[in-house]
Amino acid sequence: MTSTKTIKEIAQEVFATEIAVLEDVQNSLDENFENAVKLISEIKGRLVVTGMGKSGHIASKIAATLASTGTPSFFVHPAEMGHGDLGMLKKDDAVLALSFSGNTEELRKVLAPIKKLGLAMISITGGKNSILAEYSDFVLHTPVAKEACPLDLAPSSSTTAALVMGDALAIALMKIKNIQKEDFAASHPLGSLGRSFIQVSELMRSKSIPQVQAQSLFAELVTEIDEKGLGFALVVDAQAKVLGVVTDGDIRRASIKFQNDLFTKTATDLMNKNPKTIEKTAFASRAAEIMKEYRISSLVVVDEQNQAIGILDLKDMLAEGFVI
């Protein structure tokens, strides 16, 4: 019989069904979840995640999420496990197994061999009294009253519930392990995500910083700008603290303003007293934002004493894929 509902109404019904399931799963959380998180946080080995069919796809995603958030983890197909991949499991590992029914044939056949290795097992399953639950040390129950599928057959609500349970595990483990941005960056070195965690210290130029003393005359200032080739020179005091900056543009404006007196002027007379600076521990993505906002091609990298320790140049930023 053809549905009389609009496409939007069908979609809204799917959302409503799966939201209701997630609320049921949320309410079913108990000490098993806490114990599972503690167990995973204390293992010396890896968390091996397994599942068959759609549960296998969810298991693979959960393993990837765990691995990228500080919990060493990988996916093993249960059928392949029974044909040699069981050798990938080591004595210090633990297993996270997914099956909505808890009685999936391919998974059921490797439960005893896994336990024979002496490994702890956690399950995400809707089958609280299933074979998988019997073999599990901790059962993360995902009760699903109804799949979003109109035939109540295709895994939909059940896979969503398992996926969210896996996310909950990963985030809880991140909190317990106190995973910081720097730790996250270590496992995400490539792409836009990796770039967002690159620190200024990784890109800055620390040699040949163009700089002159505050009382340096115009001729010395121009020579320094020309020799270093960055289009500017920093003005520093006797302790090498940054006082200001003189750019090519400042030189042109000064030539109009001072005319014949230009060669008698010092760096202090010509400098901009508010150069844009950044610390070496800042993320390069923040540096890109500053460059874009103020339309500048270089940033001065300073330490805690406001001494120049490097230069971050637009060319180096663009070479790393930053859009400015």
# chains A, B, ... in the order shown; residues from 1 in each chain; ligands from 1

$ select_by_dssp --residues "region 96-206 of chain A" --states "strand (DSSP E)" --output "list in words"
Leu96, Ala97, Leu98, Ala120, Met121, Ile122, Ser123, Ile124, Thr125, Phe138, Val139, Leu140 and His141 of chain A

$ write_last_selection --atoms "C-alpha atoms" --output "PDB file, in the first residue's frame"
ATOM      1  CA  LEU A  96      34.287  -4.955  22.368  1.00  0.00           C
ATOM      2  CA  ALA A  97      31.712  -6.997  20.436  1.00  0.00           C
ATOM      3  CA  LEU A  98      28.611  -5.630  18.704  1.00  0.00           C
ATOM      4  CA  ALA A 120      37.902  -9.397  29.000  1.00  0.00           C
ATOM      5  CA  MET A 121      34.864  -8.812  26.796  1.00  0.00           C
ATOM      6  CA  ILE A 122      32.387  -5.965  26.609  1.00  0.00           C
ATOM      7  CA  SER A 123      29.282  -6.176  24.438  1.00  0.00           C
ATOM      8  CA  ILE A 124      26.920  -3.661  22.894  1.00  0.00           C
ATOM      9  CA  THR A 125      23.727  -5.602  22.280  1.00  0.00           C
ATOM     10  CA  PHE A 138      29.994  -6.160  30.947  1.00  0.00           C
ATOM     11  CA  VAL A 139      26.875  -5.749  28.813  1.00  0.00           C
ATOM     12  CA  LEU A 140      26.011  -2.335  27.409  1.00  0.00           C
ATOM     13  CA  HIS A 141      22.343  -2.916  26.757  1.00  0.00           C
TER      14      HIS A 141
END

$ residues_around --residues "Arg295 (chain A)" --least-positions-apart "5" --cutoff "10 Å" --atoms "only C-alpha atoms" --output "list in words"
Glu289, Ile290 and Ile324 of chain A

$ closest_atom_pairs --of "region 97-185 of chain A" --to "region 49-62 of chain A" --cutoff "9 Å" --atoms "only C-alpha atoms" --output "JSON lines"
{"residue": "A:Ala97", "atom": "CA", "partner": "A:Thr50", "partner_atom": "CA", "distance": 4.9}
{"residue": "A:Leu98", "atom": "CA", "partner": "A:Gly51", "partner_atom": "CA", "distance": 4.8}
{"residue": "A:Ser99", "atom": "CA", "partner": "A:Ser55", "partner_atom": "CA", "distance": 5.9}
{"residue": "A:Phe100", "atom": "CA", "partner": "A:Ser55", "partner_atom": "CA", "distance": 7.4}
{"residue": "A:Thr104", "atom": "CA", "partner": "A:Met52", "partner_atom": "CA", "distance": 7.4}
{"residue": "A:Glu105", "atom": "CA", "partner": "A:Met52", "partner_atom": "CA", "distance": 9.0}
{"residue": "A:Glu106", "atom": "CA", "partner": "A:Met52", "partner_atom": "CA", "distance": 7.1}
{"residue": "A:Leu107", "atom": "CA", "partner": "A:Gly51", "partner_atom": "CA", "distance": 6.8}
{"residue": "A:Pro155", "atom": "CA", "partner": "A:Lys54", "partner_atom": "CA", "distance": 7.0}
{"residue": "A:Ser158", "atom": "CA", "partner": "A:Ser55", "partner_atom": "CA", "distance": 8.8}
{"residue": "A:Thr159", "atom": "CA", "partner": "A:Ser55", "partner_atom": "CA", "distance": 6.5}
{"residue": "A:Thr160", "atom": "CA", "partner": "A:Ile58", "partner_atom": "CA", "distance": 8.5}
{"residue": "A:Ala162", "atom": "CA", "partner": "A:Ile58", "partner_atom": "CA", "distance": 7.2}
{"residue": "A:Leu163", "atom": "CA", "partner": "A:Ile58", "partner_atom": "CA", "distance": 6.0}
{"residue": "A:Gly166", "atom": "CA", "partner": "A:Ile62", "partner_atom": "CA", "distance": 5.5}
{"residue": "A:Asp167", "atom": "CA", "partner": "A:Ile62", "partner_atom": "CA", "distance": 6.9}
{"residue": "A:Ala170", "atom": "CA", "partner": "A:Ile62", "partner_atom": "CA", "distance": 8.0}

$ closest_residue --among "A:Lys109, A:Leu173, A:Met204, A:Leu153" --to "Ala36 (chain A)" --atoms "only C-alpha atoms"
A:Leu173

$ residues_around --residues "region 305-320 of chain A" --least-positions-apart "5" --cutoff "7 Å" --atoms "only C-alpha atoms" --output "PDB file with N, CA and C atoms, in the first residue's frame"
ATOM      1  N   LEU A 203      56.147  26.339  12.065  1.00  0.00           N
ATOM      2  CA  LEU A 203      56.207  27.032  10.771  1.00  0.00           C
ATOM      3  C   LEU A 203      57.083  28.280  10.776  1.00  0.00           C
ATOM      4  N   MET A 204      57.377  28.815  11.948  1.00  0.00           N
ATOM      5  CA  MET A 204      58.076  30.096  12.011  1.00  0.00           C
ATOM      6  C   MET A 204      59.529  29.980  11.545  1.00  0.00           C
ATOM      7  N   ARG A 205      60.045  31.104  11.060  1.00  0.00           N
ATOM      8  CA  ARG A 205      61.456  31.224  10.707  1.00  0.00           C
ATOM      9  C   ARG A 205      62.182  31.813  11.914  1.00  0.00           C
ATOM     10  N   SER A 206      63.167  31.092  12.415  1.00  0.00           N
ATOM     11  CA  SER A 206      63.849  31.555  13.625  1.00  0.00           C
ATOM     12  C   SER A 206      65.218  32.170  13.338  1.00  0.00           C
ATOM     13  N   ILE A 209      66.206  37.153  11.536  1.00  0.00           N
ATOM     14  CA  ILE A 209      65.079  38.031  11.860  1.00  0.00           C
ATOM     15  C   ILE A 209      65.496  39.474  11.619  1.00  0.00           C
ATOM     16  N   ALA A 240      66.472  43.431  23.624  1.00  0.00           N
ATOM     17  CA  ALA A 240      65.898  42.730  22.462  1.00  0.00           C
ATOM     18  C   ALA A 240      64.373  42.620  22.523  1.00  0.00           C
ATOM     19  N   LYS A 241      63.737  43.421  23.357  1.00  0.00           N
ATOM     20  CA  LYS A 241      62.283  43.421  23.396  1.00  0.00           C
ATOM     21  C   LYS A 241      61.729  44.224  22.225  1.00  0.00           C
ATOM     22  N   VAL A 242      60.636  43.745  21.671  1.00  0.00           N
ATOM     23  CA  VAL A 242      60.052  44.388  20.501  1.00  0.00           C
ATOM     24  C   VAL A 242      59.349  45.684  20.895  1.00  0.00           C
ATOM     25  N   SER A 297      51.226  40.256   5.893  1.00  0.00           N
ATOM     26  CA  SER A 297      51.880  39.077   5.330  1.00  0.00           C
ATOM     27  C   SER A 297      52.871  38.421   6.274  1.00  0.00           C
ATOM     28  N   SER A 298      53.071  39.006   7.453  1.00  0.00           N
ATOM     29  CA  SER A 298      54.002  38.422   8.423  1.00  0.00           C
ATOM     30  C   SER A 298      53.526  38.697   9.845  1.00  0.00           C
ATOM     31  N   LEU A 299      53.860  37.784  10.736  1.00  0.00           N
ATOM     32  CA  LEU A 299      53.589  37.965  12.160  1.00  0.00           C
ATOM     33  C   LEU A 299      54.879  37.777  12.940  1.00  0.00           C
ATOM     34  N   VAL A 300      55.053  38.586  13.959  1.00  0.00           N
ATOM     35  CA  VAL A 300      56.219  38.451  14.820  1.00  0.00           C
ATOM     36  C   VAL A 300      55.912  37.448  15.922  1.00  0.00           C
TER      37      VAL A 300
END

$ residues_around --residues "Gln213 (chain A)" --least-positions-apart "6" --cutoff "8 Å" --atoms "only C-alpha atoms" --output "MDAnalysis selection string"
chainID A and resid 235:238 267

$ write_last_selection --atoms "C-alpha atoms" --output "PDB file, in the first residue's frame"
ATOM      1  CA  VAL A 235      62.636  47.790  16.278  1.00  0.00           C
ATOM      2  CA  VAL A 236      64.027  46.439  19.558  1.00  0.00           C
ATOM      3  CA  ASP A 237      65.539  47.850  22.733  1.00  0.00           C
ATOM      4  CA  ALA A 238      68.815  46.891  24.409  1.00  0.00           C
ATOM      5  CA  ALA A 267      63.817  53.776  13.727  1.00  0.00           C
TER       6      ALA A 267
END

$ residues_around --residues "Pro210 (chain A)" --least-positions-apart "2" --cutoff "8 Å" --atoms "only C-alpha atoms" --output "list of chain:residue names"
A:Ser208, A:Val212, A:Glu224, A:Ile225, A:Lys228, A:Leu230, A:Phe232, A:Ala233, A:Leu234

$ write_last_selection --atoms "N, CA and C atoms" --output "CSV table (one decimal), in the first residue's frame"
chain,number,residue,atom,x,y,z
A,208,SER,N,67.8,34.8,10.9
A,208,SER,CA,67.8,36.1,10.0
A,208,SER,C,66.5,36.9,10.3
A,212,VAL,N,66.5,46.1,14.1
A,212,VAL,CA,67.4,47.2,14.4
A,212,VAL,C,67.2,47.8,15.8
A,224,GLU,N,68.8,47.0,6.5
A,224,GLU,CA,68.4,45.8,7.2
A,224,GLU,C,67.1,45.2,6.5
A,225,ILE,N,66.2,46.1,6.1
A,225,ILE,CA,65.0,45.6,5.4
A,225,ILE,C,65.3,45.0,4.1
A,228,LYS,N,67.3,41.5,4.5
A,228,LYS,CA,66.5,40.3,5.0
A,228,LYS,C,65.4,40.0,4.0
A,230,LEU,N,62.2,40.7,3.8
A,230,LEU,CA,60.8,40.4,4.2
A,230,LEU,C,59.9,41.6,4.1
A,232,PHE,N,60.1,44.4,6.0
A,232,PHE,CA,60.0,45.1,7.2
A,232,PHE,C,61.2,44.8,8.1
A,233,ALA,N,61.3,45.6,9.2
A,233,ALA,CA,62.3,45.3,10.2
A,233,ALA,C,61.7,45.6,11.6
A,234,LEU,N,62.0,44.8,12.5
A,234,LEU,CA,61.6,45.1,13.9
A,234,LEU,C,62.5,46.1,14.6
